[in-house]
Structures are given as structure tokens and as C-alpha cells.
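Okay, so here's the structure we're looking at.
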Amino acid sequence: MRQFTSDELRNTWKQFYIDRGHVDVGAVSLVSDGSTGVMFNVAGMQPLMPYLLGQKHPLGTRLCNVQGCVRTNDIDSVGDKSHVTFFEMMGSWSLGDYFKKERCQWSFELLTQVFGFDADHLAATVFAGDENAPRDEEGAQYRIASGFKKENIYYLGADDNWWGLEYGPCGPDSEMFYIADRPDCGPDCGPGCSCGKYTELGNDVFMQYEKHKDGTLTPLKQKNVDTGWGLERILAFLNGSRDVYQIDLFAPVIAYIEKVSGQKYNADEKMTRSMRILADHTRTSVMLIGDAAKLVPANAGAGYVLRRLIRRAVRHARTLNLKKEDILKIATIFIDEIYKNSYPLLTTNREFILNELTKEIERFESTLENGMKEFKKILDTARSEGKKEIEGKDAFYLYDTFGFPLELTTELAEEEGLSVDEEGFKVSMEEQKQKARDSQNFSAKLNASAGIFDALDESITTKFVGYDGIHTEGKIVAIADEAALKDSLSENEKGTVITDITSFYGTMGGQVGDKGIIKTADGEFTVTEAIHLSNGRIGHTGYVSKGTIKSGSTADILVDEENRSNTCKNHSATHLLQKALKIVLGDHVEQKGSLVTPDRLRFDFSHDQAMTAEQIAKAEAIVNKEIAASLAVRTDEMSQQEAVSTGAMALFGEKYGDVVRVVSMGKGTSGNNEADFKEAFSVELCGGTHVSNTSQIQHIKILSESGVAAGVRRIEALTGDGVLAYYKDLENLLNEAAKLLKSNPSEIISKIEHLQKDLKTANSEIESLKSQAAKDALGDSLEKTEDVKGVKLLAAKVENVEMGSLRDLGDSLRDKIGDGVVALLSSCDGKANIVIMASDSAVKAGAHAGNLIKAIAPIVGGGGGGRPNMAQAGGKNPAGIDEALAAVKTELEKML
């Protein structure tokens, strides 16, 4: 066998297929777009799903790449020699081009001629067939024809030789194995056996079917081939190892961990497992944060998986006595050394990666200590009650309060011989979610049960014409209330109306749907929100405000003009705002979400710290400048590829069609060429509605900037008449304030400054009077100073002195008696106050103010503590002051 480095293996793979007419399509984001039902790209074929289903790929029918993938379904296995959560899948595809014959031949050539495997040591498996699909005899014959020995062909069932995701393309697969020189472990020894004689090398999937969401299979329009080989495992095997953590993608990290921990790899099973988990989880975290999606830790979805990975890494780092700085150093080894050439985006996002890791590690460490203490309490309680399981509500408490993932609680419990009630945890989680769902509105309820309209013929759709105007005529094609389809709705009845054509924009992409009226000869329907339904339909939710609305009626469809206009102003302003934020904060700023209503706008964006007042003012000024510049706003339709070439910004994870709308502000009028777009201030992919000129926005005013999640900030702002109303409210507020101050608005500041000066003088006089009153209350207490084993003690009771004045009095008395201990107790506002002070010489003699407080505070129903020189406490039982006063001397004697 030939030995390779990771870079050599990547390049060799791609060149092999390029020489056979394939095109390298490059890699895509690790975070899935959601179209396949999973959070991450778990296989190289996943991003190619539309093309495997029959859509034409712009680069042809023969493709190849090396795609990063993330799988966490077997995260508990990470720590052994072979399992990882991030891996690189070397892939090649035929999209309706070649099929089993060529695929089998090229796989054999790759194994024997490129990688140098002995053909006598190669085996292959093929699908044995079941009730859903026949035995793959064709695959077996082509394997033999390519060079595999007939006796080394094995037929296995669907569990081993059928491939597919939750839904989408699928079919029989054929895996290739290396046979080691060792005896069989038994009569059933073969591929898939755990004895180690057979090592999987790669897999060829022959996609002949499509699996639908209901579980049924139908033949694909075209036969495809998907080939996938795991880079880490094949690289380890080619270099004479079964341990992926000893290849060049991990070796520098393992060496560093050995150096700083003092542990040797493979010397101790527990420590070696922690080394592998730390290395793997840090690598995957670096990849996810540095990915095009710039994923950040969160409490749900993909961000939760990232948070879990980082926190598991921290826990295993602690096992190895490694600190935050060591984890960050491991991250830099991956960024600066191991993946510097193959993943340059990590270098670009280096600062962002390290910042996010630092914040999450510190966030977890700050709660870990308290969380561990709480876990121990829960553990002790369970044991004392003879339980073998931690209750689900307790596990949820650890998750909700201390950020403990359920998996961490489960791991900790298992180490102590207990299990966790995971179903109970889910019940507690669902109860929390239900609180949010209980307040949903009518349109949300309808959206959640949009199956009401499934009975309609698929030909019933809605054509949207609202980009060109707000008024159109159409026909009512369907009506429903909250429960079922209806022929009509009467006055005051709520429901949803579908028309064959509409000018109403349905809620989508952060922009709320239009409001307005649908008029027919028999009545009027007031639309409170337009929403998108399945099969290309737009639903108009609302109520009948006059007469009756009937299905089949011709209708005037009228969007509320003012409502639409204000929404357009706010939507166009978000485009200007995103560009302004990039100018002020940097190119790392990306949209993470938005809400555009007629009243205001909300814009979420990636940034790892709060904006300063100066940055907010600068961003606002930039937007207002572009508004005043009266930039033309244009919308052009083009293919998605053309849009990307213009530099148009897109929301990551958003699904776009083949033809997209590109909204540009400030673009010239020379045409739709690339240079023309680059002259624009803002260019974005967007399906929303907009102003035709930025001057129509009038103004923008940023109301607030805040954090909504780790690495995500939120700006809320007003535009147009909303800004004028905002300043009018401020003017009214100033006038009211001026009236209270008996001043003019222009004189408010000087008036407040004068009042503050008077207040300061008055407070000073009050404090002086309080101090004198405290001294008067003390009377001749100095004469009560006594000697306790060579240390002066002044213990006295004073009446009605609050804590601050009591401290001041204590300072004064300590200075007067010189070396010694001062203990003052006072009843004030129904509570007991205690202050104890000790000089340095008294402390050296054994006195400790904090311990004295701890001893006497319970007598007055309180608690407290402090330093050796000074301590204080409060209590709810002032009746115990005399007893506490007497106890001071007794406790001091014990110390000396």
C-alpha cells in the first residue's frame, strides 16, 4: 500500500476523477439548509439532492469533491480509535450518466493501481434483496468483472447494504473491504464482523429510488451513482494504523495535549479517551464556527449541538487538567497549522472562532462549579431516598438554570451508577414550550394546521401580482374557518380566503403580510394578515366585516396603501442598515433574522459584543445619508448563480428558487452587468416589497441595540412618520419635565444641575446630622472599654442607627481606642445591625471580625461575615441584641 499525507490524499482523489471527465464542484457549508430533514450535511451527496432527483446540474453529469460532514448520532462512541464527529467525505457522482459497470471498474482501479492494495485481499458486499427491492445480481457481476474474486463477494441485507437519508434518493449499495492476514473468527466471519479481519474502505451507492416522507419508494427519473470514502479512516489505514487520531490531521494536537497534560497517549485508557474527545470536539467546533454559516452556540437546533460539543470538550480538558488557554491553543493548531491550506476560511474567520470559543468556555466554566454543586445535591438526595434514577424535572432544572445539556447530566449520573429519566426531562421541556405556544394568534393556528386545504385540487394556486400594484381583481377559489373548508362565511365570522390572484404580500422572509379588504357583490372581508400556504397558495386571514363572502365570487382585492407603504419603508431601511453595519463593524456582520412591520423594524445580526453609542450613531448617520441621497431602488430578476456573481448578499439558510429577485439601492442605469451592481450601495437577494427611492423612507431612528443570543445582536428602529411621532413624544416629555421644574425646555439641564448641587449639599448635611446623632446615642460608651486577655474590647449598643452610620461610628471609635476590637449593635427600623472592627494588632493576637459576626449574628436572627479586620451583619430579631452583645466578649476570649 502507498502512504499519503492528508493533502496528497485529497488531491489524488479529485485528480483521479477529473482525469475521467468529472468536475470538482467544491464543498458547501457544514450546516444543512433543512431540505433533507437534518441539521448538518452528513454526507457528500446531501447538497446534491435536487440534482440526484433529476434537476440538471450546471457543471454537468460527472461530479467530484471532498466535502466536510458532521455527524453526532454516535457521539457516545467518540473516544475510541475510529469515531469522529467531523470528517471529510471524498465523493464522486454520476447524475444519469454511467452506472454500475464503470463505477465498479473505477473503484477497483483506485484500490489497486492508485492506493496499491493487493487484489487478493479485497472483498465487496452487495444487497441481498428484500420485500421492497430485488437482489443486486448486476452489482455482484460487475464487481467480479472488475477484478474482485467471486468467493470474496458477500450478500448482505438492508441494514448493511441499503443507503438513504430520512427521505430522498436511495438504493442498494456495495461496500469494499480489505481482508487482513488472520484466521476467521468463526463460521460467520465476514464483512461487518467486529473481529478486525475486514476493514471497510469505501462505498458505492446505486441510487435507483426516491424515498418519500410516507416511507414509499418510487423509481428515480434517472439512475445515479454516489461514491463516498471517509478520508480520515482510509488515510489511517493507508499509513498502517487503525487509529484516526494518529494521522496528520490530529497528531500535532495529540502531541500538544501530551506535553501540557503530562499524560502519554495510549498509556491510560481513560486519559486517552479524554484526549480523543477533546481533540475531536474542538476540531468540530472550530469547523462549525469558522464555516460559511458562522454557527454560534445556542439553546436549540444546530447551535445546541455546537454548545454540547464545546462543553464536552471543556469537561474532558478538566479531566486532563487543561485550562481554557489550552483549548484555545488546540483550536489555533487546527486553524494555523493543520487546515491552513485546505480550509482557508478558518484563517479568515480566526478571530471570530477564537472569540466564540472563549465566550462559550467562560460561560460554561462560570456555571459549571455551581452546577456541579447542585448536581451533587440532587445526587445525594436520590441516593438518600434509595433511588437509582435522577428525576427528569431535576435534569431539566440543571439544563435550564446551569446550562447542563441532558447528555452531560446523563454522563455524570452514569459515572455514579445512576440513570436519568429522559422522558421526564422531555415533559418538562415541553411544558416550557407550551407556554409560548398558548399565546399564538389565529393565523398561526391556521398555519400549523394548513392541512385544511390539502383536499383542494393541486391546480388551485394563487398568482401574486403585488409587486406591480396594490389593487387587482380575482376570484375566490376557497374559504375555510379554523376547522374546515366552507362554501361561505357570514358577518363577523373569522376565516381564511384564497383567491386565484392577489396583490396581498404573504408573511415571508421577516416581512409581515399585508392588510386590506376583499370586496364582492355580497359582502366585504377584512384581511388582518396574508400568509403563505402549501402548494403555492396565499391565504387571506381575517373576518367578514359586511354581508357574506362566498366561494366562486368575483372580488376586488385591495391592499391597505398606508400599511404597505410603511412596511416598504421599514424593509428597505433594513437593507441600508445591514450595509451600514458592515461598514461600521466589519464584513463579519451577517443577517441572522429580521421582522418588518408597518410600525417598526427589527434586525438581528452576527456580532460578538455590544455596539458602543458612537457605533450606533455612526450606523444611523450612514443610513440617513443614503436616504437623503435619494438612491434609486431597483429590482431585477435573474438566476441564482447570476445573483451571486453580482455580490448580492443573501440570508444564510434561506431557500431561494431558480429565479431570484435582486434588490439594489444606488445602482446605475447602464444595465444589469456585474460592474453596474458593484456601484450600488446595497445589493441583496430579497423577495419582499420596497420603496422605489430611498428618499421615501424619510428618516431612520435606532431605538435600541441589545443581545438576543450568543454572538447575535438586535437593533430595533423606526422610519418615516414613526420617527416624527417619536420626536414629537420626546418634545411632549420635555415640556412636561420643564413644567415640573418650573422652567423652559432649553433651561432643563442647567435647572437639573442646580437641583443636583442643592441635593448634594442637603445629603451632606443629613449625613453629618446622622453621624452626630449616632455619637450622641453612644454617649460615654468609651468608658465601657475593657481588657480581654490583653486586647481592648469596646462592645456597645446604640439606638436607631442605620448600617452606614454604624460603620462610620465604628471607624471613629477604633481610632480613639487605638489597638483593639470595636463591636457596635443597633436596633433600627425593626431590624438589628451589627458592625465589628479589629485593629491589625488585635488580628495578630487571634481576633477575627468575620468569625465573631458568624458566632453572634444568629442570636439576632441573621447571618453575615467578612474580613478579619471588618465584618457586618443584619438580623430580623432586634430583641436579641443584649444577648448578642454579651456573647461578643465570650467569643473573643475563645479566639485569643
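Identifiers in this document derive from the order of the C-alpha cells: chains are assigned A, B, ..., residues are numbered from 1 separately in each chain, and ligands are numbered from 1 in order of occurrence.
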_Contacts of A:Val28 within 9 Å, only C-alpha atoms, excl. fewer than 4 positions in-chain, as a list of chain:residue names_ = A:Asn41, A:Pro47, A:Gln67, A:Gly68, A:Ala292
Output file for the selection above: N, CA, C and O atoms, as a PDB file, in the first residue's frame:
ATOM      1  N   ASN A  41     -24.838  18.824   7.103  1.00  0.00           N
ATOM      2  CA  ASN A  41     -24.544  17.983   5.955  1.00  0.00           C
ATOM      3  C   ASN A  41     -23.806  16.758   6.466  1.00  0.00           C
ATOM      4  O   ASN A  41     -22.674  16.848   6.923  1.00  0.00           O
ATOM      5  N   PRO A  47     -25.855  17.887  -0.372  1.00  0.00           N
ATOM      6  CA  PRO A  47     -26.100  19.152  -1.074  1.00  0.00           C
ATOM      7  C   PRO A  47     -26.523  18.965  -2.541  1.00  0.00           C
ATOM      8  O   PRO A  47     -27.001  19.899  -3.172  1.00  0.00           O
ATOM      9  N   GLN A  67     -15.962  16.799   0.717  1.00  0.00           N
ATOM     10  CA  GLN A  67     -16.952  17.580   1.476  1.00  0.00           C
ATOM     11  C   GLN A  67     -16.825  17.317   2.970  1.00  0.00           C
ATOM     12  O   GLN A  67     -16.839  16.172   3.422  1.00  0.00           O
ATOM     13  N   GLY A  68     -16.710  18.392   3.753  1.00  0.00           N
ATOM     14  CA  GLY A  68     -16.741  18.247   5.201  1.00  0.00           C
ATOM     15  C   GLY A  68     -18.134  17.868   5.658  1.00  0.00           C
ATOM     16  O   GLY A  68     -19.131  18.365   5.133  1.00  0.00           O
ATOM     17  N   ALA A 292     -19.029  28.780   6.627  1.00  0.00           N
ATOM     18  CA  ALA A 292     -19.723  29.902   5.977  1.00  0.00           C
ATOM     19  C   ALA A 292     -20.948  30.330   6.762  1.00  0.00           C
ATOM     20  O   ALA A 292     -21.330  31.499   6.750  1.00  0.00           O
TER      21      ALA A 292
END
*Within 10 Å of stretch 635-639 of chain A, counting only C-alpha atoms, which residues qualify if same-chain residues fewer than 6 places away don't, as a PyMOL selection string?*
chain A and resi 467+656-665+672+683-687+689-690+692
_Spatial neighbours of A:Asp481, 9 Å, only C-alpha atoms, chain gap at least 3 places, as an NGL selection string_ = :A and (446 or 484-486 or 489 or 493-497)
*Looking only at helix (DSSP H, G or I) from DSSP on the backbone, list the matching residues of stretch 30-224 of chain A as a ChimeraX atom specification.*
/A:46-52,75-77,100-114,119-121,137-146,150-152,158-161
_All residues 12 Å or closer to A:Leu585, only C-alpha atoms, same chain fewer than 6 positions away omitted, as a list in words_ =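 Once the adjacent positions are removed, what remains is Leu577, Gln578, Lys579, Phe605, Ser606, His607, Asp608, Gln609, Ala610, Met611, Thr612, Glu614, Gln615, Ile616, Lys618, Ala619 and Arg713 of chain A.
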Could those selected residues go to a file with N, CA, C and O atoms, as a PDB file, in the first residue's frame?
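Generated output (again18.pdb):
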ATOM      1  N   LEU A 577     -29.444  49.397   6.477  1.00  0.00           N
ATOM      2  CA  LEU A 577     -28.866  49.200   7.805  1.00  0.00           C
ATOM      3  C   LEU A 577     -27.826  48.082   7.789  1.00  0.00           C
ATOM      4  O   LEU A 577     -26.763  48.212   8.403  1.00  0.00           O
ATOM      5  N   GLN A 578     -28.125  46.987   7.094  1.00  0.00           N
ATOM      6  CA  GLN A 578     -27.153  45.881   7.054  1.00  0.00           C
ATOM      7  C   GLN A 578     -25.825  46.339   6.438  1.00  0.00           C
ATOM      8  O   GLN A 578     -24.751  46.037   6.962  1.00  0.00           O
ATOM      9  N   LYS A 579     -25.902  47.120   5.356  1.00  0.00           N
ATOM     10  CA  LYS A 579     -24.675  47.609   4.728  1.00  0.00           C
ATOM     11  C   LYS A 579     -23.954  48.582   5.667  1.00  0.00           C
ATOM     12  O   LYS A 579     -22.715  48.544   5.787  1.00  0.00           O
ATOM     13  N   PHE A 605     -28.280  40.473  13.801  1.00  0.00           N
ATOM     14  CA  PHE A 605     -27.049  40.327  13.014  1.00  0.00           C
ATOM     15  C   PHE A 605     -25.940  39.716  13.865  1.00  0.00           C
ATOM     16  O   PHE A 605     -25.982  39.762  15.101  1.00  0.00           O
ATOM     17  N   SER A 606     -24.960  39.139  13.202  1.00  0.00           N
ATOM     18  CA  SER A 606     -23.847  38.492  13.898  1.00  0.00           C
ATOM     19  C   SER A 606     -22.822  39.536  14.336  1.00  0.00           C
ATOM     20  O   SER A 606     -22.303  40.294  13.534  1.00  0.00           O
ATOM     21  N   HIS A 607     -22.571  39.574  15.627  1.00  0.00           N
ATOM     22  CA  HIS A 607     -21.541  40.441  16.209  1.00  0.00           C
ATOM     23  C   HIS A 607     -21.373  39.990  17.645  1.00  0.00           C
ATOM     24  O   HIS A 607     -22.356  39.660  18.319  1.00  0.00           O
ATOM     25  N   ASP A 608     -20.136  39.949  18.137  1.00  0.00           N
ATOM     26  CA  ASP A 608     -19.883  39.292  19.411  1.00  0.00           C
ATOM     27  C   ASP A 608     -19.838  40.220  20.616  1.00  0.00           C
ATOM     28  O   ASP A 608     -19.465  39.794  21.708  1.00  0.00           O
ATOM     29  N   GLN A 609     -20.192  41.481  20.454  1.00  0.00           N
ATOM     30  CA  GLN A 609     -20.207  42.370  21.609  1.00  0.00           C
ATOM     31  C   GLN A 609     -21.176  43.523  21.370  1.00  0.00           C
ATOM     32  O   GLN A 609     -21.560  43.798  20.225  1.00  0.00           O
ATOM     33  N   ALA A 610     -21.558  44.169  22.459  1.00  0.00           N
ATOM     34  CA  ALA A 610     -22.493  45.286  22.337  1.00  0.00           C
ATOM     35  C   ALA A 610     -21.872  46.430  21.552  1.00  0.00           C
ATOM     36  O   ALA A 610     -20.677  46.707  21.680  1.00  0.00           O
ATOM     37  N   MET A 611     -22.673  47.081  20.723  1.00  0.00           N
ATOM     38  CA  MET A 611     -22.198  48.251  19.990  1.00  0.00           C
ATOM     39  C   MET A 611     -22.055  49.427  20.951  1.00  0.00           C
ATOM     40  O   MET A 611     -22.844  49.579  21.893  1.00  0.00           O
ATOM     41  N   THR A 612     -21.070  50.264  20.710  1.00  0.00           N
ATOM     42  CA  THR A 612     -20.922  51.476  21.505  1.00  0.00           C
ATOM     43  C   THR A 612     -21.915  52.528  21.015  1.00  0.00           C
ATOM     44  O   THR A 612     -22.469  52.422  19.910  1.00  0.00           O
ATOM     45  N   GLU A 614     -21.192  55.402  20.047  1.00  0.00           N
ATOM     46  CA  GLU A 614     -20.608  56.028  18.848  1.00  0.00           C
ATOM     47  C   GLU A 614     -20.863  55.181  17.610  1.00  0.00           C
ATOM     48  O   GLU A 614     -21.175  55.717  16.530  1.00  0.00           O
ATOM     49  N   GLN A 615     -20.758  53.862  17.735  1.00  0.00           N
ATOM     50  CA  GLN A 615     -21.001  52.980  16.587  1.00  0.00           C
ATOM     51  C   GLN A 615     -22.461  53.029  16.153  1.00  0.00           C
ATOM     52  O   GLN A 615     -22.758  53.041  14.949  1.00  0.00           O
ATOM     53  N   ILE A 616     -23.368  53.062  17.126  1.00  0.00           N
ATOM     54  CA  ILE A 616     -24.797  53.146  16.794  1.00  0.00           C
ATOM     55  C   ILE A 616     -25.092  54.448  16.066  1.00  0.00           C
ATOM     56  O   ILE A 616     -25.789  54.464  15.041  1.00  0.00           O
ATOM     57  N   LYS A 618     -23.030  56.249  14.352  1.00  0.00           N
ATOM     58  CA  LYS A 618     -22.395  56.252  13.030  1.00  0.00           C
ATOM     59  C   LYS A 618     -23.219  55.451  12.025  1.00  0.00           C
ATOM     60  O   LYS A 618     -23.424  55.891  10.885  1.00  0.00           O
ATOM     61  N   ALA A 619     -23.711  54.284  12.445  1.00  0.00           N
ATOM     62  CA  ALA A 619     -24.539  53.465  11.551  1.00  0.00           C
ATOM     63  C   ALA A 619     -25.819  54.203  11.181  1.00  0.00           C
ATOM     64  O   ALA A 619     -26.238  54.209  10.009  1.00  0.00           O
ATOM     65  N   ARG A 713     -26.698  40.092  17.858  1.00  0.00           N
ATOM     66  CA  ARG A 713     -27.205  41.366  18.378  1.00  0.00           C
ATOM     67  C   ARG A 713     -28.496  41.738  17.655  1.00  0.00           C
ATOM     68  O   ARG A 713     -28.765  41.219  16.564  1.00  0.00           O
TER      69      ARG A 713
END
*asked:* Taking only C-alpha atoms into account, name the residue in A:Met176, A:Val286, A:Val559, A:Met870 that is nearest to A:Asp336.
replied: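 Under the stated criterion, the closest residue is A:Val286.
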*Go through A:Lys100, A:Lys270, A:Lys340, A:Arg807 one by one, measure the shortest atom-to-atom distance of each to A:His316 using only C-alpha atoms, and give the residue with the smallest value.*
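The shortest atom-to-atom distance to A:His316 comes from A:Lys270.
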_stretch 751-754 of chain A surroundings by only C-alpha atoms, 10 Å radius, close-in-sequence under 6 positions cut, as JSON, numbers by chain_ = {"A": [738, 741, 742, 743, 744, 745, 760]}
*Which one of A:Glu166, A:Leu201, A:Ile518, A:Asn624 sits closest to A:Lys213 if you count only C-alpha atoms?*
A:Glu166
*asked:* Residues near A:Gly866, anyone? I mean within 10 Å using only C-alpha atoms, not counting same-chain ones fewer than 2 positions away, as a list in words.
replied: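 Non-adjacent residues within range: Ile836, His848, Ala849, Gly850, Asn851, Leu852, Ile853, Lys854, Gly864, Pro868, Asn869, Met870, Ala871, Gln872 and Ala873 of chain A.
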Write to file, as a short mmCIF file (atom, residue, chain, number, x, y, z; two decimals), in the first residue's frame, the residues of the selection just made, with C-alpha atoms.
data_model
loop_
_atom_site.label_atom_id
_atom_site.label_comp_id
_atom_site.auth_asym_id
_atom_site.auth_seq_id
_atom_site.Cartn_x
_atom_site.Cartn_y
_atom_site.Cartn_z
CA ILE A 836 -17.34 44.61 64.29
CA HIS A 848 -11.23 37.79 63.66
CA ALA A 849 -14.13 40.17 62.98
CA GLY A 850 -15.73 37.86 60.40
CA ASN A 851 -15.76 34.86 62.74
CA LEU A 852 -17.14 36.97 65.59
CA ILE A 853 -20.01 38.00 63.32
CA LYS A 854 -20.70 34.38 62.37
CA GLY A 864 -23.11 37.52 57.84
CA PRO A 868 -10.53 39.66 59.83
CA ASN A 869 -10.42 43.47 60.20
CA MET A 870 -14.05 44.29 59.45
CA ALA A 871 -17.38 42.48 59.24
CA GLN A 872 -21.09 43.28 59.39
CA ALA A 873 -24.43 41.53 59.62
#
*May I have the residues within 9 Å of A:Glu562 as a list in words, using only C-alpha atoms and disregarding those fewer than 4 positions away in the same chain?*
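After dropping sequence-adjacent residues, the list is Asn566, Thr567 and Pro598 of chain A.
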Could you turn the residues from that selection into a file that holds all heavy atoms, as an mmCIF file, in the first residue's frame?
data_model
loop_
_atom_site.group_PDB
_atom_site.id
_atom_site.type_symbol
_atom_site.label_atom_id
_atom_site.label_comp_id
_atom_site.auth_asym_id
_atom_site.auth_seq_id
_atom_site.Cartn_x
_atom_site.Cartn_y
_atom_site.Cartn_z
ATOM 1 N N ASN A 566 -45.719 51.910 4.655
ATOM 2 C CA ASN A 566 -44.884 51.926 5.851
ATOM 3 C C ASN A 566 -44.034 50.664 5.976
ATOM 4 O O ASN A 566 -42.881 50.708 6.413
ATOM 5 C CB ASN A 566 -45.751 52.096 7.098
ATOM 6 C CG ASN A 566 -46.348 53.488 7.200
ATOM 7 O OD1 ASN A 566 -45.792 54.446 6.663
ATOM 8 N ND2 ASN A 566 -47.474 53.609 7.878
ATOM 9 N N THR A 567 -44.603 49.524 5.581
ATOM 10 C CA THR A 567 -43.840 48.275 5.593
ATOM 11 C C THR A 567 -42.675 48.354 4.612
ATOM 12 O O THR A 567 -41.556 47.920 4.922
ATOM 13 C CB THR A 567 -44.757 47.083 5.244
ATOM 14 O OG1 THR A 567 -45.831 47.023 6.175
ATOM 15 C CG2 THR A 567 -43.984 45.782 5.279
ATOM 16 N N PRO A 598 -45.388 47.439 9.683
ATOM 17 C CA PRO A 598 -45.641 48.838 9.314
ATOM 18 C C PRO A 598 -45.147 49.816 10.378
ATOM 19 O O PRO A 598 -44.857 50.970 10.070
ATOM 20 C CB PRO A 598 -47.169 48.899 9.192
ATOM 21 C CG PRO A 598 -47.603 47.494 9.023
ATOM 22 C CD PRO A 598 -46.629 46.658 9.782
#
_Nearest to A:Pro183, chosen from A:Ala762, A:Ile452, A:Cys195, A:Val23, with only C-alpha atoms counted in the distances_ =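 Smallest distance to A:Pro183 is found for A:Cys195.
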*asked:* For the structure I just gave you, how does DSSP split stretch 600-762 of chain A - specifically, which residues are strand (DSSP E)? Reply as JSON, numbers by chain.
replied: {"A": [601, 602, 603, 604, 605, 606, 633, 634, 635, 636, 637, 638, 639, 659, 660, 661, 662, 663, 664, 665, 682, 683, 684, 685, 700, 701, 702, 703, 704, 705, 706, 707, 708, 709, 712, 713, 714, 715, 716, 717, 718, 719]}
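For the atom pair formed by atom CA of A:Asp19 and atom CA of A:Thr112, the distance is 16.9 Å, given to one decimal.
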